[in-house]
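Trainee: Structure provided below as structure tokens; questions to follow.
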Number of protein chains: 2
Amino acid sequence: MGRTFVSGNALIAQSGGPTVAINATLSGVVKGLREDTRIGKIFGAKNGVEGILAGRIEEIGSRLSTEDTLYALERTPAAVLGSCRIKMPPPEENKDIYDKIITLFREYDIRYFFLIGGNDSMDTASKIYDYSKSCDWDIRIIGVPKTIDNDLAFTDHTPGFGSAAKYIATTVQEIARDCAVYTVKAVTVIETMGRDAGWLTAAAGVPSLYGHPGADLLYMPEVPFDYDKFENDVRRIFKTKPNVVVVVPEALQDANGEYVSASTQSGAVDIFGHKYLAGTGRALEHFIRERIGCKFRAVELSIPQRCAGHCASKTDIDESVLIGRKSAQAALNGKTGVMTAFVRDPGSTYSVHIETVPLSQVANVIKQVPKNFLTADGGVKREILEYIAPLIEGELDIPTEHGLPKYITL
Amino acid sequence: MGRTFVSGNALIAQSGGPTVAINATLSGVVKGLREDTRIGKIFGAKNGVEGILAGRIEEIGSRLSTEDTLYALERTPAAVLGSCRIKMPPPEENKDIYDKIITLFREYDIRYFFLIGGNDSMDTASKIYDYSKSCDWDIRIIGVPKTIDNDLAFTDHTPGFGSAAKYIATTVQEIARDCAVYTVKAVTVIETMGRDAGWLTAAAGVPSLYGHPGADLLYMPEVPFDYDKFENDVRRIFKTKPNVVVVVPEALQDANGEYVSASTQSGAVDIFGHKYLAGTGRALEHFIRERIGCKFRAVELSIPQRCAGHCASKTDIDESVLIGRKSAQAALNGKTGVMTAFVRDPGSTYSVHIETVPLSQVANVIKQVPKNFLTADGGVKREILEYIAPLIEGELDIPTEHGLPKYITL
């Protein structure tokens, strides 16, 4: 920390699941690096660490040199550099891949490395940082947060979450209007992403803050799912109206730890050991048909919730650019082995500033929705909706052509 | 036809599946009726014909009396009057319900009846019209088209289709960008609505007109689905890139007439005798896993494609208001027993005018995608994309508040 300036080049990589805001962060890092004229070339790794290991490194600074291009990049969803889902083994298991990375850093004279990603990416950045300390190569390594799941610790929220939350709140409000047109008794279960934390599920409650149609019932992954309570909840809403809109996360477990999702019966796991989860809504369909016997529809919000650039939150995009810039500034000021993080300022008007936290603290910690945001019976309190509300504020001016958003490709 | 003006009141009903544009059409009818000062009150039926039969009729003219309210109504998705899915039996089977409707018309002095809906609604309007001719009650009955499916005959396209097509084209483009970030071989199957006609599925091809990422493969319900061809198509795309984006309709049948969709195995049908269809994507998952063994994701565009007001097509909304106004004018000019319809003007610049066609011709005819829009091997020609392209043009200025669209409720 606080070491003097090191001249050399910078490398930026994007990792993990795409978001609407990850390119805005890339733009921010480029802008921040540009502010210091002593920085050499800016490289991008294709497909994250996978690209670094394969030597797929490209100079991107010259292609991202105009305000117009950066403006368009900030309004383009998904990861323009590509992404990967590589789980880094500890160095003692596979020293070679760490050596390969350091060799590449030397080859391209990389003195500044930015990895934009979520939990698994922070673990990767942390491991590379730890290993780099034993090498004779002075490099600043910064993890820049990104995940729609909002489950990274030590940051008020994550870039990408606000836009996903806006998409979910908007879409649930629209689906609730759609469901309300009929008089036939019906249950509609809307499934959001969110494997371990209910932040995205809670976003579906935001329309209710303003009295708009939305979710009648919300079930959070932090709370054991109780089938009997669910039946009673649905019957209670049916007393007031014929259509019940329910929002659930992709993973719900009952008190015995069994997943509601039918598809987990296969036991398949991804390379991180996470169970493949899908179909909580479909599983509840069988339950509702049997217990209540009414019309049922399962709606998975699926991939669009993480890539619907046309529904981006201006607050999210602006902040994502900002945290990118601040990440570059932190590195230029000698910070390394840290993740940049949002700190919400006190007061009734929403604002944030950016600090840094050691990567070692952040990696592999999942921030679930805390108890004080949940009601005694497992629902969401007004406080969590008020926490989310400012993050979805503002509409971005997305350039369009022929009636379609005009996104860019590098 | 051509009878002299009849003084009295008007009744408007919305029917069938919600769309983004059906309230715009309601606004248009109200505007058109207002242009003639001799019209009495404007009533709305709650939940379509279901509401008429139950006497749930409300005066709506005074609530829709300001430009501001109509402006907001035109930007509100789903049906503000509510909807229904009633299949009208022929009068010889149930004369009572027709008598009930005519009695209500007399009671409220309804001389103008507008039913905004799709195929089934045009059948309903046609039957009520036929029956009314044998009654001593001079009434003008106009069917106003509405369906995202675009499967009504004798109209160039249907109000609501353009916005659904815009949502599909936008979302498929965004999903294709999302899929492109990884290097792992993967097939993503996106399922659109469309039971009998492939118009919505074809909309997913529009981004390709402009060289944007989008569907790599499209399968139309008008063409028997060939599993071997599908496997070969996927393998062919895999030679050029690791991710294949496939778009399918909710109903696909193989050469033997068997539905690809697994869920039709239950044999369940809705009240119109249509088979419940869902899960074509999920069914293809099993096929791809077995034949190719790569990563697979099924995405159902589901309800949002018909209610995503935040992604409305300006062309669609403007035209929906227009056809509403022209429907009112047609009735005031003595037309009855007709549906209003778009006729596309010749020439390279897109424009439409509105004509009328007898309800008896329209009812129960499903307009599939014609052969001249399909390639020899069952794909879509550039011509159908060029037919759809102008319908998705233009973005609507949706009022927002707190980061969410501000829709209205009557």
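Labels for the structure tokens follow display order: chains A, B, ..., residues from 1 in each chain, ligands from 1.
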Using only C-alpha atoms, what does the table of chain A residues within 6 Å of chain B look like, with each row giving the shortest atom pair and its distance in Å to one decimal, sorted by chain and ascending number, as CSV?

Mentor:
```
residue,atom,partner,partner_atom,distance
A:Ala78,CA,B:Asp178,CA,5.1
A:Gly82,CA,B:Val181,CA,4.0
A:Ser83,CA,B:Val181,CA,5.1
A:Cys84,CA,B:Tyr182,CA,5.8
A:Thr170,CA,B:Leu404,CA,5.9
A:Glu174,CA,B:Cys307,CA,5.9
A:Asp178,CA,B:Ala78,CA,5.1
A:Val181,CA,B:Gly82,CA,4.0
A:Tyr182,CA,B:Ser83,CA,5.5
A:Cys307,CA,B:Glu174,CA,5.9
A:Ile392,CA,B:Gly403,CA,5.6
A:Glu393,CA,B:Gly403,CA,4.1
A:Gly394,CA,B:Gly403,CA,5.1
A:His402,CA,B:Glu393,CA,5.6
A:Gly403,CA,B:Glu393,CA,4.1
A:Leu404,CA,B:Thr170,CA,6.0
```

Trainee: All in-order C-alpha pairs, least squares, chain B moved onto chain A. Output the fitted coordinates as a short mmCIF file (atom, residue, chain, number, x, y, z; two decimals) with C-alpha atoms, in the first residue's frame, please.

Mentor:
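out_9.cif, written as the output of this step:
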```
data_model
loop_
_atom_site.label_atom_id
_atom_site.label_comp_id
_atom_site.auth_asym_id
_atom_site.auth_seq_id
_atom_site.Cartn_x
_atom_site.Cartn_y
_atom_site.Cartn_z
CA MET B 1 -0.06 0.00 -0.07
CA GLY B 2 1.03 3.52 -0.58
CA ARG B 3 3.99 2.50 -2.72
CA THR B 4 5.19 5.00 -5.26
CA PHE B 5 3.89 5.00 -8.79
CA VAL B 6 4.96 2.13 -11.02
CA SER B 7 4.97 2.78 -14.75
CA GLY B 8 3.60 0.05 -16.98
CA ASN B 9 0.44 -1.23 -18.60
CA ALA B 10 -3.00 -2.13 -17.30
CA LEU B 11 -5.10 -5.23 -17.83
CA ILE B 12 -8.86 -5.42 -17.32
CA ALA B 13 -10.91 -8.62 -17.22
CA GLN B 14 -14.62 -9.31 -16.79
CA SER B 15 -15.76 -12.46 -15.05
CA GLY B 16 -18.80 -14.38 -13.84
CA GLY B 17 -22.38 -13.83 -14.98
CA PRO B 18 -23.13 -10.90 -17.30
CA THR B 19 -24.94 -7.84 -16.01
CA VAL B 20 -26.34 -4.68 -17.52
CA ALA B 21 -23.66 -2.61 -15.76
CA ILE B 22 -20.40 -4.54 -16.17
CA ASN B 23 -19.45 -2.65 -19.34
CA ALA B 24 -20.15 0.64 -17.57
CA THR B 25 -17.58 -0.39 -14.97
CA LEU B 26 -15.10 -1.28 -17.72
CA SER B 27 -15.65 2.21 -19.16
CA GLY B 28 -15.08 3.71 -15.71
CA VAL B 29 -11.77 1.89 -15.23
CA VAL B 30 -10.61 3.09 -18.66
CA LYS B 31 -11.66 6.65 -17.82
CA GLY B 32 -9.85 6.50 -14.47
CA LEU B 33 -6.66 5.14 -16.03
CA ARG B 34 -6.74 7.84 -18.73
CA GLU B 35 -6.77 10.52 -16.07
CA ASP B 36 -3.14 9.57 -15.33
CA THR B 37 -1.00 10.22 -18.38
CA ARG B 38 1.80 8.03 -17.05
CA ILE B 39 -0.19 4.84 -17.72
CA GLY B 40 0.97 2.87 -20.76
CA LYS B 41 -1.33 0.66 -22.74
CA ILE B 42 -4.70 -0.63 -21.61
CA PHE B 43 -5.25 -4.31 -22.35
CA GLY B 44 -8.38 -6.41 -22.07
CA ALA B 45 -8.40 -10.14 -21.38
CA LYS B 46 -10.87 -12.07 -23.51
CA ASN B 47 -13.08 -14.30 -21.35
CA GLY B 48 -11.52 -13.35 -18.03
CA VAL B 49 -8.89 -15.56 -16.45
CA GLU B 50 -9.57 -18.19 -19.12
CA GLY B 51 -8.26 -15.69 -21.68
CA ILE B 52 -5.29 -14.71 -19.54
CA LEU B 53 -4.25 -18.36 -19.29
CA ALA B 54 -4.67 -18.78 -23.05
CA GLY B 55 -2.87 -15.52 -23.85
CA ARG B 56 -5.98 -13.93 -25.37
CA ILE B 57 -4.98 -10.39 -24.48
CA GLU B 58 -5.89 -7.44 -26.66
CA GLU B 59 -5.05 -3.77 -26.55
CA ILE B 60 -8.43 -2.08 -25.99
CA GLY B 61 -7.40 1.44 -24.99
CA SER B 62 -7.25 2.75 -28.53
CA ARG B 63 -10.65 1.27 -29.38
CA LEU B 64 -12.11 2.89 -26.26
CA SER B 65 -10.54 6.27 -26.86
CA THR B 66 -13.53 8.47 -27.66
CA GLU B 67 -16.29 9.77 -25.42
CA ASP B 68 -18.84 8.48 -27.93
CA THR B 69 -17.55 4.91 -27.73
CA LEU B 70 -17.42 4.97 -23.94
CA TYR B 71 -20.94 6.41 -23.85
CA ALA B 72 -22.20 3.54 -26.01
CA LEU B 73 -20.19 0.99 -24.01
CA GLU B 74 -21.82 2.17 -20.78
CA ARG B 75 -25.23 1.49 -22.38
CA THR B 76 -24.35 -2.01 -23.64
CA PRO B 77 -25.33 -5.02 -21.51
CA ALA B 78 -23.40 -8.28 -21.03
CA ALA B 79 -19.60 -8.43 -21.02
CA VAL B 80 -17.97 -7.02 -24.18
CA LEU B 81 -14.67 -8.69 -23.24
CA GLY B 82 -16.40 -12.01 -22.69
CA SER B 83 -16.48 -13.84 -19.40
CA CYS B 84 -15.67 -17.19 -17.83
CA ARG B 85 -16.53 -19.31 -14.83
CA ILE B 86 -13.14 -20.67 -13.81
CA LYS B 87 -12.65 -21.86 -10.26
CA MET B 88 -9.03 -21.23 -9.37
CA PRO B 89 -7.46 -24.06 -7.39
CA PRO B 90 -5.21 -22.97 -4.52
CA PRO B 91 -1.56 -22.43 -5.62
CA GLU B 92 -0.41 -25.50 -3.69
CA GLU B 93 -2.62 -27.63 -5.97
CA ASN B 94 -1.73 -26.01 -9.26
CA LYS B 95 1.23 -23.60 -9.10
CA ASP B 96 1.54 -23.68 -12.89
CA ILE B 97 -1.51 -21.60 -13.65
CA TYR B 98 -0.38 -18.88 -11.25
CA ASP B 99 3.08 -18.86 -12.82
CA LYS B 100 1.44 -18.61 -16.23
CA ILE B 101 -0.50 -15.54 -15.12
CA ILE B 102 2.58 -13.84 -13.63
CA THR B 103 4.55 -14.68 -16.79
CA LEU B 104 1.88 -13.01 -18.87
CA PHE B 105 1.91 -9.97 -16.58
CA ARG B 106 5.67 -9.70 -17.16
CA GLU B 107 5.35 -10.27 -20.89
CA TYR B 108 2.81 -7.48 -21.32
CA ASP B 109 4.38 -5.32 -18.58
CA ILE B 110 1.08 -5.41 -16.66
CA ARG B 111 1.41 -3.39 -13.44
CA TYR B 112 -2.32 -2.82 -12.92
CA PHE B 113 -4.84 -5.63 -12.99
CA PHE B 114 -8.56 -5.11 -12.58
CA LEU B 115 -10.92 -8.06 -12.26
CA ILE B 116 -14.56 -7.06 -12.50
CA GLY B 117 -16.69 -9.80 -11.01
CA GLY B 118 -18.65 -11.36 -8.18
CA ASN B 119 -17.90 -13.71 -5.31
CA ASP B 120 -15.94 -16.29 -7.26
CA SER B 121 -14.01 -13.57 -9.08
CA MET B 122 -13.01 -11.89 -5.81
CA ASP B 123 -11.69 -15.27 -4.68
CA THR B 124 -9.70 -15.48 -7.93
CA ALA B 125 -8.34 -11.93 -7.53
CA SER B 126 -7.44 -12.65 -3.92
CA LYS B 127 -5.53 -15.81 -4.84
CA ILE B 128 -3.63 -14.12 -7.67
CA TYR B 129 -2.80 -11.24 -5.36
CA ASP B 130 -1.51 -13.55 -2.63
CA TYR B 131 0.60 -15.47 -5.11
CA SER B 132 1.96 -12.30 -6.73
CA LYS B 133 3.43 -11.20 -3.41
CA SER B 134 5.89 -14.10 -3.55
CA CYS B 135 6.95 -13.13 -7.07
CA ASP B 136 9.36 -10.38 -8.01
CA TRP B 137 6.71 -8.44 -9.90
CA ASP B 138 5.29 -5.24 -8.51
CA ILE B 139 1.63 -5.22 -9.51
CA ARG B 140 -1.53 -3.61 -8.15
CA ILE B 141 -4.54 -5.92 -8.17
CA ILE B 142 -8.01 -4.52 -7.68
CA GLY B 143 -11.26 -6.45 -7.52
CA VAL B 144 -14.16 -4.42 -8.84
CA PRO B 145 -17.53 -5.68 -7.64
CA LYS B 146 -20.23 -6.81 -10.05
CA THR B 147 -23.17 -9.11 -9.56
CA ILE B 148 -26.90 -8.83 -9.99
CA ASP B 149 -27.22 -11.01 -6.87
CA ASN B 150 -26.07 -8.21 -4.52
CA ASP B 151 -24.53 -10.89 -2.29
CA LEU B 152 -21.01 -9.46 -1.94
CA ALA B 153 -20.05 -8.50 1.58
CA PHE B 154 -18.49 -5.20 2.69
CA THR B 155 -20.24 -3.14 0.04
CA ASP B 156 -23.62 -1.45 0.51
CA HIS B 157 -24.71 -3.01 -2.79
CA THR B 158 -23.17 -4.28 -6.01
CA PRO B 159 -23.03 -2.71 -9.48
CA GLY B 160 -25.53 -4.54 -11.67
CA PHE B 161 -28.00 -5.15 -8.87
CA GLY B 162 -29.88 -1.88 -9.36
CA SER B 163 -30.66 -2.58 -13.02
CA ALA B 164 -31.68 -6.18 -12.32
CA ALA B 165 -33.88 -4.94 -9.46
CA LYS B 166 -35.42 -2.32 -11.74
CA TYR B 167 -36.15 -4.96 -14.39
CA ILE B 168 -37.72 -7.25 -11.78
CA ALA B 169 -39.82 -4.50 -10.15
CA THR B 170 -40.98 -3.24 -13.56
CA THR B 171 -41.78 -6.69 -14.92
CA VAL B 172 -43.53 -7.95 -11.80
CA GLN B 173 -45.66 -4.80 -11.82
CA GLU B 174 -46.57 -5.44 -15.46
CA ILE B 175 -47.29 -9.14 -14.88
CA ALA B 176 -49.49 -8.25 -11.90
CA ARG B 177 -51.52 -5.95 -14.18
CA ASP B 178 -51.77 -8.72 -16.74
CA CYS B 179 -52.96 -11.23 -14.12
CA ALA B 180 -55.56 -8.79 -12.79
CA VAL B 181 -57.64 -8.74 -16.00
CA TYR B 182 -59.34 -12.07 -15.37
CA THR B 183 -61.89 -13.09 -12.78
CA VAL B 184 -60.87 -16.74 -12.77
CA LYS B 185 -59.03 -17.86 -9.64
CA ALA B 186 -55.38 -18.15 -10.54
CA VAL B 187 -51.96 -18.29 -8.91
CA THR B 188 -48.99 -16.89 -10.82
CA VAL B 189 -45.56 -17.74 -9.43
CA ILE B 190 -42.71 -15.54 -10.68
CA GLU B 191 -39.21 -16.91 -10.17
CA THR B 192 -36.24 -14.56 -9.80
CA MET B 193 -32.57 -15.44 -9.79
CA GLY B 194 -30.75 -15.59 -6.45
CA ARG B 195 -29.29 -18.84 -5.25
CA ASP B 196 -28.40 -17.96 -1.68
CA ALA B 197 -29.63 -14.45 -1.06
CA GLY B 198 -33.07 -12.91 -1.53
CA TRP B 199 -32.09 -9.42 -2.69
CA LEU B 200 -33.50 -9.91 -6.20
CA THR B 201 -36.66 -11.52 -4.86
CA ALA B 202 -37.17 -8.59 -2.49
CA ALA B 203 -36.89 -6.16 -5.44
CA ALA B 204 -40.27 -7.46 -6.59
CA GLY B 205 -41.74 -5.77 -3.52
CA VAL B 206 -40.67 -2.26 -4.50
CA PRO B 207 -43.83 -1.39 -6.53
CA SER B 208 -45.86 -1.92 -3.34
CA LEU B 209 -43.96 0.97 -1.71
CA TYR B 210 -45.85 3.26 -4.07
CA GLY B 211 -49.17 1.39 -4.01
CA HIS B 212 -48.66 -0.14 -7.47
CA PRO B 213 -49.79 -3.65 -8.37
CA GLY B 214 -47.03 -6.17 -7.71
CA ALA B 215 -46.26 -9.21 -5.62
CA ASP B 216 -48.96 -10.33 -3.21
CA LEU B 217 -46.64 -12.83 -1.59
CA LEU B 218 -42.83 -13.00 -1.43
CA TYR B 219 -40.81 -15.92 -0.12
CA MET B 220 -37.15 -15.38 0.70
CA PRO B 221 -34.39 -18.00 0.42
CA GLU B 222 -33.12 -16.97 3.87
CA VAL B 223 -36.30 -18.37 5.44
CA PRO B 224 -37.30 -22.07 5.42
CA PHE B 225 -40.25 -22.53 3.07
CA ASP B 226 -43.38 -23.82 4.77
CA TYR B 227 -45.87 -25.43 2.38
CA ASP B 228 -48.81 -25.14 4.77
CA LYS B 229 -48.13 -21.47 5.38
CA PHE B 230 -47.94 -20.99 1.60
CA GLU B 231 -51.35 -22.60 1.13
CA ASN B 232 -52.81 -20.44 3.90
CA ASP B 233 -51.24 -17.30 2.46
CA VAL B 234 -52.72 -18.01 -0.98
CA ARG B 235 -56.15 -18.75 0.47
CA ARG B 236 -56.01 -15.50 2.47
CA ILE B 237 -55.29 -13.42 -0.68
CA PHE B 238 -58.05 -15.27 -2.56
CA LYS B 239 -60.51 -13.82 -0.05
CA THR B 240 -59.74 -10.34 -1.41
CA LYS B 241 -59.15 -10.97 -5.12
CA PRO B 242 -59.15 -13.81 -7.66
CA ASN B 243 -55.52 -13.58 -8.76
CA VAL B 244 -52.52 -14.14 -6.53
CA VAL B 245 -49.04 -13.07 -7.63
CA VAL B 246 -46.26 -14.88 -5.81
CA VAL B 247 -42.54 -14.16 -6.15
CA VAL B 248 -39.94 -16.77 -5.23
CA PRO B 249 -36.18 -17.12 -5.69
CA GLU B 250 -34.73 -19.90 -7.85
CA ALA B 251 -33.74 -21.75 -4.68
CA LEU B 252 -36.11 -22.28 -1.78
CA GLN B 253 -35.49 -24.85 0.94
CA ASP B 254 -37.97 -26.26 3.39
CA ALA B 255 -37.23 -26.72 7.09
CA ASN B 256 -35.49 -30.03 6.33
CA GLY B 257 -33.14 -28.34 3.89
CA GLU B 258 -34.87 -29.95 0.90
CA TYR B 259 -35.06 -27.80 -2.21
CA VAL B 260 -38.57 -27.00 -3.42
CA SER B 261 -37.21 -27.04 -6.94
CA ALA B 262 -37.97 -30.31 -8.64
CA SER B 263 -35.02 -30.13 -10.97
CA THR B 264 -32.49 -30.53 -8.18
CA GLN B 265 -33.53 -34.16 -7.96
CA SER B 266 -30.86 -34.89 -10.56
CA GLY B 267 -28.22 -33.79 -8.06
CA ALA B 268 -26.24 -32.10 -10.83
CA VAL B 269 -23.74 -29.47 -9.70
CA ASP B 270 -21.76 -26.82 -11.54
CA ILE B 271 -17.98 -26.58 -11.39
CA PHE B 272 -18.17 -24.53 -8.17
CA GLY B 273 -20.16 -27.30 -6.54
CA HIS B 274 -23.37 -25.25 -6.64
CA LYS B 275 -26.45 -27.35 -7.31
CA TYR B 276 -28.18 -26.63 -10.62
CA LEU B 277 -31.38 -24.93 -9.63
CA ALA B 278 -34.41 -24.27 -11.74
CA GLY B 279 -38.08 -24.82 -11.56
CA THR B 280 -39.19 -23.71 -8.08
CA GLY B 281 -42.28 -22.29 -9.77
CA ARG B 282 -43.00 -25.52 -11.61
CA ALA B 283 -42.65 -27.50 -8.40
CA LEU B 284 -45.14 -25.21 -6.65
CA GLU B 285 -47.55 -25.76 -9.56
CA HIS B 286 -48.03 -29.38 -8.55
CA PHE B 287 -48.59 -28.33 -4.95
CA ILE B 288 -51.19 -25.66 -5.80
CA ARG B 289 -53.03 -27.91 -8.24
CA GLU B 290 -53.32 -30.56 -5.59
CA ARG B 291 -54.16 -28.39 -2.59
CA ILE B 292 -56.23 -25.63 -4.20
CA GLY B 293 -56.91 -26.85 -7.71
CA CYS B 294 -56.98 -23.44 -9.39
CA LYS B 295 -55.35 -22.12 -12.55
CA PHE B 296 -51.59 -21.77 -12.22
CA ARG B 297 -48.82 -20.14 -14.20
CA ALA B 298 -45.08 -20.24 -13.55
CA VAL B 299 -43.01 -17.39 -14.98
CA GLU B 300 -39.21 -17.55 -14.82
CA LEU B 301 -37.66 -14.11 -15.23
CA SER B 302 -34.59 -16.01 -16.40
CA ILE B 303 -31.68 -14.45 -18.34
CA PRO B 304 -33.42 -11.14 -19.21
CA GLN B 305 -33.16 -9.98 -15.59
CA ARG B 306 -29.38 -9.78 -15.96
CA CYS B 307 -29.13 -8.50 -19.54
CA ALA B 308 -32.14 -6.24 -20.17
CA GLY B 309 -30.10 -3.16 -21.04
CA HIS B 310 -33.23 -1.46 -22.34
CA CYS B 311 -34.48 -1.31 -18.73
CA ALA B 312 -31.24 -0.19 -17.03
CA SER B 313 -31.21 1.90 -13.87
CA LYS B 314 -29.46 5.23 -14.42
CA THR B 315 -28.32 5.20 -10.80
CA ASP B 316 -26.76 1.76 -11.31
CA ILE B 317 -24.99 2.70 -14.53
CA ASP B 318 -23.70 6.01 -13.16
CA GLU B 319 -22.42 4.30 -10.02
CA SER B 320 -20.86 1.48 -12.05
CA VAL B 321 -18.86 3.98 -14.08
CA LEU B 322 -17.90 5.76 -10.86
CA ILE B 323 -16.65 2.63 -9.07
CA GLY B 324 -14.61 1.76 -12.15
CA ARG B 325 -12.98 5.19 -12.13
CA LYS B 326 -12.35 5.03 -8.39
CA SER B 327 -10.84 1.55 -8.80
CA ALA B 328 -8.34 2.93 -11.31
CA GLN B 329 -7.57 5.83 -9.00
CA ALA B 330 -7.07 3.47 -6.04
CA ALA B 331 -4.58 1.40 -8.03
CA LEU B 332 -2.75 4.49 -9.24
CA ASN B 333 -2.54 5.59 -5.61
CA GLY B 334 -0.80 2.34 -4.72
CA LYS B 335 -3.72 0.31 -3.40
CA THR B 336 -3.60 -3.42 -4.12
CA GLY B 337 -5.23 -6.61 -2.90
CA VAL B 338 -8.46 -4.74 -2.35
CA MET B 339 -11.99 -4.58 -3.66
CA THR B 340 -13.67 -1.21 -4.13
CA ALA B 341 -16.97 -0.90 -2.31
CA PHE B 342 -19.95 1.42 -1.98
CA VAL B 343 -20.60 3.02 1.38
CA ARG B 344 -24.04 4.61 1.71
CA ASP B 345 -23.86 8.06 3.23
CA PRO B 346 -26.10 8.82 6.20
CA GLY B 347 -29.04 11.16 5.73
CA SER B 348 -32.38 11.09 4.01
CA THR B 349 -31.06 11.88 0.53
CA TYR B 350 -29.43 8.89 -1.11
CA SER B 351 -25.71 9.13 -1.92
CA VAL B 352 -22.69 6.84 -1.79
CA HIS B 353 -18.94 7.18 -1.60
CA ILE B 354 -16.35 4.56 -2.42
CA GLU B 355 -13.86 2.89 -0.11
CA THR B 356 -11.68 -0.20 -0.38
CA VAL B 357 -11.72 -3.48 1.55
CA PRO B 358 -9.10 -6.26 1.52
CA LEU B 359 -9.92 -8.98 -1.03
CA SER B 360 -9.18 -11.62 1.59
CA GLN B 361 -12.11 -10.38 3.65
CA VAL B 362 -14.56 -10.31 0.75
CA ALA B 363 -13.76 -13.55 -1.04
CA ASN B 364 -16.21 -16.40 -0.55
CA VAL B 365 -18.41 -14.50 1.90
CA ILE B 366 -22.06 -14.47 0.84
CA LYS B 367 -24.12 -11.57 2.09
CA GLN B 368 -27.62 -12.80 2.73
CA VAL B 369 -30.54 -10.54 3.54
CA PRO B 370 -30.11 -9.83 7.27
CA LYS B 371 -32.76 -10.65 9.83
CA ASN B 372 -33.56 -7.00 10.51
CA PHE B 373 -34.89 -6.72 6.93
CA LEU B 374 -37.30 -9.63 7.48
CA THR B 375 -40.61 -9.81 9.32
CA ALA B 376 -41.27 -12.32 12.06
CA ASP B 377 -43.08 -14.63 9.64
CA GLY B 378 -40.36 -14.45 6.98
CA GLY B 379 -41.67 -11.67 4.75
CA VAL B 380 -39.85 -8.49 3.78
CA LYS B 381 -39.99 -5.32 5.84
CA ARG B 382 -40.51 -1.87 4.38
CA GLU B 383 -36.87 -1.15 5.30
CA ILE B 384 -35.44 -3.49 2.63
CA LEU B 385 -37.71 -1.96 -0.02
CA GLU B 386 -36.52 1.51 1.04
CA TYR B 387 -32.93 0.23 0.83
CA ILE B 388 -33.50 -1.01 -2.76
CA ALA B 389 -35.70 1.89 -3.98
CA PRO B 390 -32.96 4.48 -4.73
CA LEU B 391 -30.90 1.90 -6.64
CA ILE B 392 -33.53 1.55 -9.38
CA GLU B 393 -34.06 5.28 -9.84
CA GLY B 394 -33.59 6.97 -13.18
CA GLU B 395 -33.92 5.90 -16.78
CA LEU B 396 -30.94 5.73 -19.10
CA ASP B 397 -31.09 7.31 -22.54
CA ILE B 398 -30.42 4.14 -24.54
CA PRO B 399 -29.63 4.96 -28.19
CA THR B 400 -31.99 3.13 -30.54
CA GLU B 401 -32.07 2.45 -34.26
CA HIS B 402 -34.87 0.76 -36.21
CA GLY B 403 -36.78 0.38 -32.95
CA LEU B 404 -34.04 -1.65 -31.25
CA PRO B 405 -31.39 -0.68 -28.69
CA LYS B 406 -28.10 0.12 -30.40
CA TYR B 407 -25.43 -1.72 -28.47
CA ILE B 408 -21.77 -1.99 -29.39
CA THR B 409 -19.30 -4.80 -29.90
CA LEU B 410 -15.55 -4.44 -29.35
#
```

Trainee: If you run DSSP on the backbone, which residues of segment 256-357 of chain B are helix (DSSP H, G or I), as a ChimeraX atom specification?

Mentor: /B:262-266,280-291,304-307,309-311,314-332

Trainee: DSSP on the backbone: what in segment 132-380 of chain B comes out strand (DSSP E), as a PyMOL selection string?

Mentor: chain B and resi 140-145+186-192+217-218+243-249+295-300+338-344+352-358
